[in-house]
Amino acid sequence: MSKVMSSNLGYPRIGENREWKKVLEQYWSHKVDAESFEKQMENIRLEHVKKQRDQGVDLIPLGDFSLYDHVLDTAVMFGVVPERFDYQGGKVSLDTYFDIARGTKDSPASEMTKWFNTNYHYIVPEFSGSAPELVENRPLAFYREAKEKLGIKGKPVIIGPFTFVKLSKGYDEKDESALVEKLVPLYAQVLKELQDEGVEWVQMDEPILCTSISKQKVERFKEIYGTLKQAAPHVKVILQTYFDRLDHYKEVTSIPVDGIGMDFIHDRGENWEALRKNGFPEDKILAAGVVDGRNIWRRNLVDAHSFVSSLADYVAKDRLIIQPASSLLHVPVTVRQEDALDKVLKKGMSFADEKLKEVALLAKALGEGVGTVEKELEESVNSIAALHESAGSTRDVLEEGSSNVRRISPYSIRRKVQPKLPLLPTTTIGSFPQTSEVRRQRMKWRKGEIGDDVYRQFIRGEIKRWIDIQEEVGLDVLVHGEFERTDMVEFFGGKLDGFQFTTFGWVQSYGSRCVKPPIIYRDVNFIKPMTVDETVYAQSLTDKPVKGMLTGPITILNWSFVREDLSRYTVANQIARSLRKEIESLEEQGIRMIQVDEPALREGLPLKKERWDEYLQAAVHSFKLATSSVQNETQIHTHMCYSDFEDIMEAISDLDADVISIETSRSHGELINIFEECTYDKGIGLGVYDIHSPRIPECEEIITHIKRSLKVLDPTQFWINPDCGLKTRGIAETISSLKVMVEAAEHVRSELLVKNE
């Protein structure tokens with residue numbers, strides 16, 4: 001029997017009880033000093049390394065841990081710091097590191113956007129004005145730490161130069177290759193220092209290879225990685241890809257590295273077909289991703305063992321590494337604590353720790369024989385079968401009205417009968433600050449310490465308070481504030497049939513922001529109105545319009561864990577049909593503005609462009625299925641987050657929402673450029689200040705954003721709003737920021753009115 005190695009690509013940072021988040025926020029609030037903060041983070045980091053060792057992982061990733069974001073870590077390692085933060089060279093300080101991520105009073109934070117097609121947000125590096133240099137070899141520091149304190153010789157993880165540059169900004173596309181060339185000596189130095197330390201394995205993440213790239217670009221990979229190989233010939237570099245198939249299999253597998261990491265979960269079987277057709281180089285190791293790193297369901301280990309055994313027909317066992325298909329950053333830490341879940345459902349689930357056990361079992365089965373783990377493999381099959389039996393079969397949504405996904409009249413007619421508002425109407429995206437008191441009252445209600453009536457009156461008190469604040473600030477369109485909601489997806493999942501929830505199933509979204517994705521385990525059905533009570537009450541308090549606030553079907557789908565044997569588009573349509581009933585309930589109660597948010601619309605785009613049309617058509621259909629039954633007088637809004645929208649503007653227009661708001665301030669207005677080339681004929685709000693930073697914007701700053709937008713948009717279609725919801729912000733900063741926003745809007749409005757007299 002031969003030893004088959006197991007590996008991991010990355011481990012969740014947040015900890016079983018979100019201890020990482022708590023330490024981080026204590027530091028930001030000055031409850032711990034830098035020394036204590038760094039020591040506590042070190043303890044968390046080492047505990048994660050030990051856990052992976054105890055799960056039987058042979059190659060443990062080091063450097064995947066971050067104080068905020070791994071892309072930001074790569075940027076500061078190379079001294080890539082935006083000019084506005086007055087960086088003077090050398091190792092980037094802790095304060096500067098967090099300033100880049102969160103902004104300061106005088107310097108806006110760097111842009112934040114989605115990590116490929118996941119719900120994880122990374123900080124976008126800015127190369128403008130910076131000359132890269134190696135100021136800190138972070139992978140080396142983490143390797144030494146694990147070796148000296150735990151006796152573990154791990155596998156440093158580094159974002160490769162092509163992916164790092166492609167995910168950055170501040171350079172012309174024609175200069176991309178030259179910028180990669182500038183980074184090559186720095187990467188070579190990192191690898192050379194790791195080699196001198198005795199490092200055996202290094203994981204270079206290049207998921208950009210799973211996007212639609214040219215064969216010419218792959219040739220550049222060969223050249224660059226050939227140079228890196230010469231710099232550190234004794235380090236075994238695994239070129240790690242994930243999230244989809246390799247486009248140019250033969251060319252990629254000939255890149256001069258020691259191993260290729262391939263995703264055999266999200267490749268639709270295409271990586272496997274390419275391997276069978278072309279074979280695999282005998283001078284390389286295949287790091288096979290055979291356990292899903294992005295979903296929470298238990299792997300059928302009998303099927304998985306059959307698959308890896310088939311791999312062994314093409315790649316010798318001593319050249320195979322068994323691992324997850326991607327980093328486990330995208331799943332919760334462990335199922336172990338989920339005692340409140342139905343037992344059948346719990347046994348069918350697998351979080352990070354359980355996935356590592358699956359990896360270790362598969363490696364053992366392949367190396368030592370299936371008989372050594374036969375019981376565990378059979379148990380996985382039985383657990384999955386029990387889960388599917390308990391959930392029942394799924395159905396498609398073909399109820400009456402489902403085929404009608406078109407508004408009664410086109411936008412040009414609808415806008416004439418919709419609510420009359422001032423020029424450049426001001427509003428917010430939906431949520432207002434959730435104070436510790438709001439969270440405390442919700443917890444008491446959930447524990448049964450206060451009754452439904454008491455809790456309802458408390459929520460109504462918060463709604464009235466913020467309706468009054470919005471009136472005082474001078475907003476034109478108000479919202480009820482969403483104080484009854486923990487999360488924009490979790491809330492609706494809790495009101496619909498077909499969802500289940502974990503107690504500790506937290507996943508990092510950005511920075512210290514963690515979410516608990518719902519679990520869709522059977523057909524989704526509408527039960528009763530979900531938002532009508534709060535929205536109608538808010539509207540009763542003011543003569544100004546109040547928007548009903550819903551989360552759209554594609555976002556609920558993309559931000560949930562969906563059972564793998566269910567059709568995702570069928571599930572999306574089931575959600576849409578349920579939301580349609582909610583929208584009709586709001587409309588029946590006189591609510592004439594309803595916002596159906598789709599912040600995850602672009603996030604769900606497949607990495608391969610040839611699959612975009614299928615996804616976008618399904619997404620547009622689901623949105624329109626939810627929203628198309630309203631009367632002309634009812635104004636449908638939607639909202640989208642952190643994404644490059646220029647290549648899907650046609651699909652966004654096809655949603656046929658009367659008003660769309662898009663986050664733009666973190667991109668420093670760059671998104672506005674797309675409207676110079678494409679015409680958008682409906683209402684639109686381009687976020688005028690960043691809500692993910694604690695800084696209060698300057699009035700002139702917002703005026704500049706507005707005026708820049710008005711160069712390419714008609715004032716009659718333009719709305720003024722923050723980038724996103726205000727749930728995570730403090731009360732004082734929220735009110736101050738909104739006052740500045742309204743002041744800026746009134747200033748520009750006055751100028752326009754004078755100009756048009």
# chains A, B, ... in the order shown; residues from 1 in each chain; ligands from 1
>>> select_by_dssp(residues="stretch 294-484 of chain A", states="helix (DSSP H, G or I)", output="PyMOL selection string")
chain A and resi 301-311+317-319+328-330+343-347+352-368+370-391+411-417+436-446+452-473
>>> residues_around(residues="A:Ile322", least_positions_apart="2", cutoff="9 Å", atoms="only C-alpha atoms", output="list in words")
Val4, Met5, Ser6, Ser7, Asn8, Leu286, Ala287, Ala288, Gly289, Val290, Val291, Val308, Leu320, Pro324, Val359, Ala360, Leu362 and Ala363 of chain A
>>> residues_around(residues="A:Pro185", least_positions_apart="2", cutoff="12 Å", atoms="only C-alpha atoms", output="short mmCIF file (atom, residue, chain, number, x, y, z; two decimals) with N, CA, C and O atoms, in the first residue's frame")
data_model
loop_
_atom_site.label_atom_id
_atom_site.label_comp_id
_atom_site.auth_asym_id
_atom_site.auth_seq_id
_atom_site.Cartn_x
_atom_site.Cartn_y
_atom_site.Cartn_z
N PHE A 78 3.65 43.48 -0.66
CA PHE A 78 4.44 44.08 -1.73
C PHE A 78 4.41 45.61 -1.68
O PHE A 78 4.75 46.27 -2.67
N PRO A 132 5.88 48.49 -6.49
CA PRO A 132 5.92 47.29 -5.65
C PRO A 132 7.32 46.91 -5.21
O PRO A 132 8.29 47.02 -5.97
N GLU A 133 7.41 46.49 -3.97
CA GLU A 133 8.64 45.93 -3.43
C GLU A 133 8.26 44.98 -2.30
O GLU A 133 7.20 45.11 -1.70
N LEU A 134 9.11 44.00 -2.04
CA LEU A 134 8.82 43.05 -0.98
C LEU A 134 9.18 43.70 0.36
O LEU A 134 10.35 43.87 0.68
N PRO A 161 0.89 35.77 -9.14
CA PRO A 161 1.03 37.12 -9.72
C PRO A 161 -0.04 37.47 -10.75
O PRO A 161 -0.48 38.62 -10.81
N LEU A 179 3.14 44.82 -15.67
CA LEU A 179 3.00 44.88 -14.22
C LEU A 179 3.30 43.51 -13.60
O LEU A 179 3.97 43.41 -12.56
N VAL A 180 2.81 42.46 -14.24
CA VAL A 180 3.16 41.11 -13.77
C VAL A 180 4.67 40.94 -13.79
O VAL A 180 5.26 40.40 -12.84
N GLU A 181 5.30 41.42 -14.84
CA GLU A 181 6.76 41.31 -14.98
C GLU A 181 7.47 42.01 -13.82
O GLU A 181 8.49 41.53 -13.32
N LYS A 182 6.93 43.15 -13.38
CA LYS A 182 7.53 43.87 -12.25
C LYS A 182 7.45 43.07 -10.96
O LYS A 182 8.32 43.18 -10.09
N LEU A 183 6.39 42.27 -10.84
CA LEU A 183 6.20 41.50 -9.62
C LEU A 183 7.04 40.21 -9.58
O LEU A 183 7.26 39.65 -8.51
N TYR A 187 8.12 37.93 -6.29
CA TYR A 187 7.66 36.55 -6.05
C TYR A 187 8.85 35.60 -5.98
O TYR A 187 8.88 34.67 -5.16
N ALA A 188 9.83 35.83 -6.85
CA ALA A 188 11.03 34.99 -6.84
C ALA A 188 11.75 35.10 -5.51
O ALA A 188 12.24 34.10 -4.96
N GLN A 189 11.82 36.32 -4.97
CA GLN A 189 12.48 36.52 -3.68
C GLN A 189 11.72 35.80 -2.56
O GLN A 189 12.33 35.18 -1.69
N VAL A 190 10.38 35.87 -2.60
CA VAL A 190 9.57 35.16 -1.61
C VAL A 190 9.88 33.67 -1.65
O VAL A 190 10.13 33.03 -0.61
N LEU A 191 9.86 33.10 -2.85
CA LEU A 191 10.11 31.66 -3.00
C LEU A 191 11.53 31.29 -2.61
O LEU A 191 11.76 30.24 -1.99
N LYS A 192 12.49 32.14 -2.97
CA LYS A 192 13.89 31.86 -2.63
C LYS A 192 14.08 31.84 -1.11
O LYS A 192 14.75 30.94 -0.56
N ILE A 224 6.55 33.04 -17.00
CA ILE A 224 6.72 33.59 -15.66
C ILE A 224 7.02 32.49 -14.65
O ILE A 224 7.95 32.62 -13.81
N TYR A 225 6.27 31.40 -14.71
CA TYR A 225 6.51 30.33 -13.74
C TYR A 225 7.82 29.59 -14.02
O TYR A 225 8.40 29.00 -13.10
N THR A 227 10.50 31.25 -14.85
CA THR A 227 11.43 32.12 -14.14
C THR A 227 11.40 31.87 -12.64
O THR A 227 12.45 31.82 -11.97
N LEU A 228 10.21 31.70 -12.09
CA LEU A 228 10.09 31.44 -10.65
C LEU A 228 10.70 30.09 -10.29
O LEU A 228 11.31 29.95 -9.22
N LYS A 229 10.55 29.12 -11.17
CA LYS A 229 11.14 27.80 -10.91
C LYS A 229 12.65 27.88 -10.87
O LYS A 229 13.31 27.24 -10.02
N GLN A 230 13.22 28.66 -11.73
CA GLN A 230 14.68 28.84 -11.73
C GLN A 230 15.15 29.51 -10.45
O GLN A 230 16.23 29.21 -9.93
N ALA A 231 14.34 30.43 -9.92
CA ALA A 231 14.73 31.16 -8.71
C ALA A 231 14.73 30.26 -7.48
O ALA A 231 15.54 30.46 -6.57
N ALA A 232 13.82 29.29 -7.43
CA ALA A 232 13.71 28.41 -6.26
C ALA A 232 13.43 26.99 -6.74
O ALA A 232 12.31 26.48 -6.59
#
>>> closest_residue(among="A:Ile384, A:Ser2, A:Arg18, A:Leu194", to="A:Glu368", atoms="only C-alpha atoms")
A:Ser2
>>> closest_residue(among="A:Asp353, A:Asn404, A:Ser560, A:Asp714", to="A:Arg577", atoms="only C-alpha atoms")
A:Asn404
>>> closest_atom_pairs(of="stretch 390-503 of chain A", to="stretch 681-696 of chain A", cutoff="10 Å", atoms="only C-alpha atoms", output="Markdown table")
| residue | atom | partner | partner_atom | distance |
| --- | --- | --- | --- | --- |
| A:Tyr411 | CA | A:Lys682 | CA | 7.2 |
| A:Ser412 | CA | A:Lys682 | CA | 8.5 |
| A:Arg415 | CA | A:Lys682 | CA | 8.8 |
| A:Leu424 | CA | A:Gly685 | CA | 9.2 |
| A:Pro425 | CA | A:Gly685 | CA | 9.3 |
| A:Thr426 | CA | A:Gly685 | CA | 9.2 |
| A:Thr427 | CA | A:Gly685 | CA | 9.3 |
| A:Thr428 | CA | A:Gly687 | CA | 9.5 |
| A:Ile429 | CA | A:Gly687 | CA | 9.4 |
>>> residues_around(residues="stretch 528-539 of chain A", least_positions_apart="3", cutoff="6 Å", atoms="only C-alpha atoms", output="list in words")
His480, Thr542, Val546, Gly548, Glu582 and Leu586 of chain A
>>> residues_around(residues="A:Tyr242", least_positions_apart="4", cutoff="6 Å", atoms="only C-alpha atoms", output="list in words")
Pro207, Asp263 and Ser326 of chain A
>>> write_last_selection(atoms="C-alpha atoms", output="short mmCIF file (atom, residue, chain, number, x, y, z; two decimals), in the first residue's frame")
data_model
loop_
_atom_site.label_atom_id
_atom_site.label_comp_id
_atom_site.auth_asym_id
_atom_site.auth_seq_id
_atom_site.Cartn_x
_atom_site.Cartn_y
_atom_site.Cartn_z
CA PRO A 207 -8.01 30.82 -10.00
CA ASP A 263 -11.43 21.46 -9.15
CA SER A 326 -11.45 25.21 -2.97
#
>>> residues_around(residues="A:Leu423", least_positions_apart="2", cutoff="9 Å", atoms="only C-alpha atoms", output="JSON, numbers by chain")
{"A": [421, 425, 715, 716, 717, 718, 719, 749, 752, 753]}
>>> write_last_selection(atoms="all heavy atoms", output="tab-separated table (two decimals), in the first residue's frame")
chain	number	residue	atom	x	y	z
A	421	LEU	N	-42.16	63.11	-7.04
A	421	LEU	CA	-41.08	63.39	-6.09
A	421	LEU	C	-40.27	64.59	-6.56
A	421	LEU	O	-40.30	64.95	-7.75
A	421	LEU	CB	-40.16	62.17	-5.97
A	421	LEU	CG	-40.80	60.89	-5.41
A	421	LEU	CD1	-39.89	59.70	-5.68
A	421	LEU	CD2	-41.08	61.04	-3.93
A	425	PRO	N	-34.47	62.82	-6.03
A	425	PRO	CA	-35.04	62.35	-4.76
A	425	PRO	C	-34.00	61.62	-3.91
A	425	PRO	O	-33.16	60.87	-4.43
A	425	PRO	CB	-36.17	61.42	-5.20
A	425	PRO	CG	-35.84	61.04	-6.60
A	425	PRO	CD	-35.12	62.20	-7.19
A	715	PRO	N	-30.96	64.33	-15.06
A	715	PRO	CA	-31.36	64.62	-13.68
A	715	PRO	C	-32.73	64.06	-13.31
A	715	PRO	O	-32.97	63.72	-12.15
A	715	PRO	CB	-31.37	66.15	-13.62
A	715	PRO	CG	-30.43	66.57	-14.71
A	715	PRO	CD	-30.57	65.55	-15.79
A	716	THR	N	-33.62	63.92	-14.30
A	716	THR	CA	-34.97	63.44	-13.99
A	716	THR	C	-34.99	61.94	-13.66
A	716	THR	O	-36.00	61.44	-13.17
A	716	THR	CB	-35.92	63.70	-15.16
A	716	THR	OG1	-35.45	63.00	-16.33
A	716	THR	CG2	-36.01	65.18	-15.46
A	717	GLN	N	-33.91	61.22	-13.95
A	717	GLN	CA	-33.87	59.79	-13.66
A	717	GLN	C	-32.96	59.47	-12.48
A	717	GLN	O	-32.89	58.32	-12.04
A	717	GLN	CB	-33.42	58.99	-14.90
A	717	GLN	CG	-31.97	59.16	-15.26
A	717	GLN	CD	-31.55	58.36	-16.49
A	717	GLN	OE1	-30.94	58.89	-17.40
A	717	GLN	NE2	-31.87	57.08	-16.52
A	718	PHE	N	-32.26	60.48	-11.95
A	718	PHE	CA	-31.21	60.21	-10.97
A	718	PHE	C	-31.72	60.33	-9.53
A	718	PHE	O	-32.40	61.29	-9.17
A	718	PHE	CB	-30.05	61.18	-11.18
A	718	PHE	CG	-28.80	60.78	-10.43
A	718	PHE	CD1	-28.15	59.60	-10.72
A	718	PHE	CD2	-28.30	61.58	-9.42
A	718	PHE	CE1	-27.01	59.21	-10.03
A	718	PHE	CE2	-27.16	61.21	-8.72
A	718	PHE	CZ	-26.52	60.02	-9.03
A	719	TRP	N	-31.39	59.33	-8.72
A	719	TRP	CA	-31.72	59.30	-7.29
A	719	TRP	C	-30.44	59.45	-6.48
A	719	TRP	O	-29.35	59.07	-6.92
A	719	TRP	CB	-32.39	57.97	-6.93
A	719	TRP	CG	-33.80	57.83	-7.41
A	719	TRP	CD1	-34.24	57.84	-8.71
A	719	TRP	CD2	-34.96	57.64	-6.59
A	719	TRP	NE1	-35.59	57.67	-8.76
A	719	TRP	CE2	-36.07	57.54	-7.48
A	719	TRP	CE3	-35.17	57.53	-5.22
A	719	TRP	CZ2	-37.37	57.33	-7.03
A	719	TRP	CZ3	-36.47	57.33	-4.77
A	719	TRP	CH2	-37.56	57.24	-5.65
A	749	ARG	N	-29.63	70.25	-6.52
A	749	ARG	CA	-31.01	70.46	-6.96
A	749	ARG	C	-31.26	71.94	-7.21
A	749	ARG	O	-31.85	72.32	-8.24
A	749	ARG	CB	-31.97	69.91	-5.91
A	749	ARG	CG	-33.43	69.92	-6.30
A	749	ARG	CD	-34.28	69.44	-5.12
A	749	ARG	NE	-34.03	68.05	-4.77
A	749	ARG	CZ	-34.30	67.51	-3.60
A	749	ARG	NH1	-34.82	68.26	-2.62
A	749	ARG	NH2	-34.05	66.24	-3.37
A	752	LEU	N	-29.59	73.13	-10.38
A	752	LEU	CA	-30.30	72.67	-11.57
A	752	LEU	C	-31.56	73.48	-11.82
A	752	LEU	O	-31.88	73.83	-12.96
A	752	LEU	CB	-30.64	71.19	-11.44
A	752	LEU	CG	-29.47	70.20	-11.51
A	752	LEU	CD1	-29.94	68.79	-11.16
A	752	LEU	CD2	-28.83	70.21	-12.89
A	753	LEU	N	-32.29	73.78	-10.74
A	753	LEU	CA	-33.53	74.55	-10.88
A	753	LEU	C	-33.24	75.96	-11.37
A	753	LEU	O	-33.96	76.51	-12.22
A	753	LEU	CB	-34.28	74.59	-9.55
A	753	LEU	CG	-34.86	73.24	-9.09
A	753	LEU	CD1	-35.44	73.35	-7.69
A	753	LEU	CD2	-35.92	72.74	-10.07
>>> atom_distance(atom1="atom CA of A:Ser431", atom2="atom CA of A:Leu24")
23.5 Å
>>> residues_around(residues="stretch 26-42 of chain A", least_positions_apart="6", cutoff="10 Å", atoms="only C-alpha atoms", output="ChimeraX atom specification")
/A:13,19-20,48,65-67,94-95,98,142,145
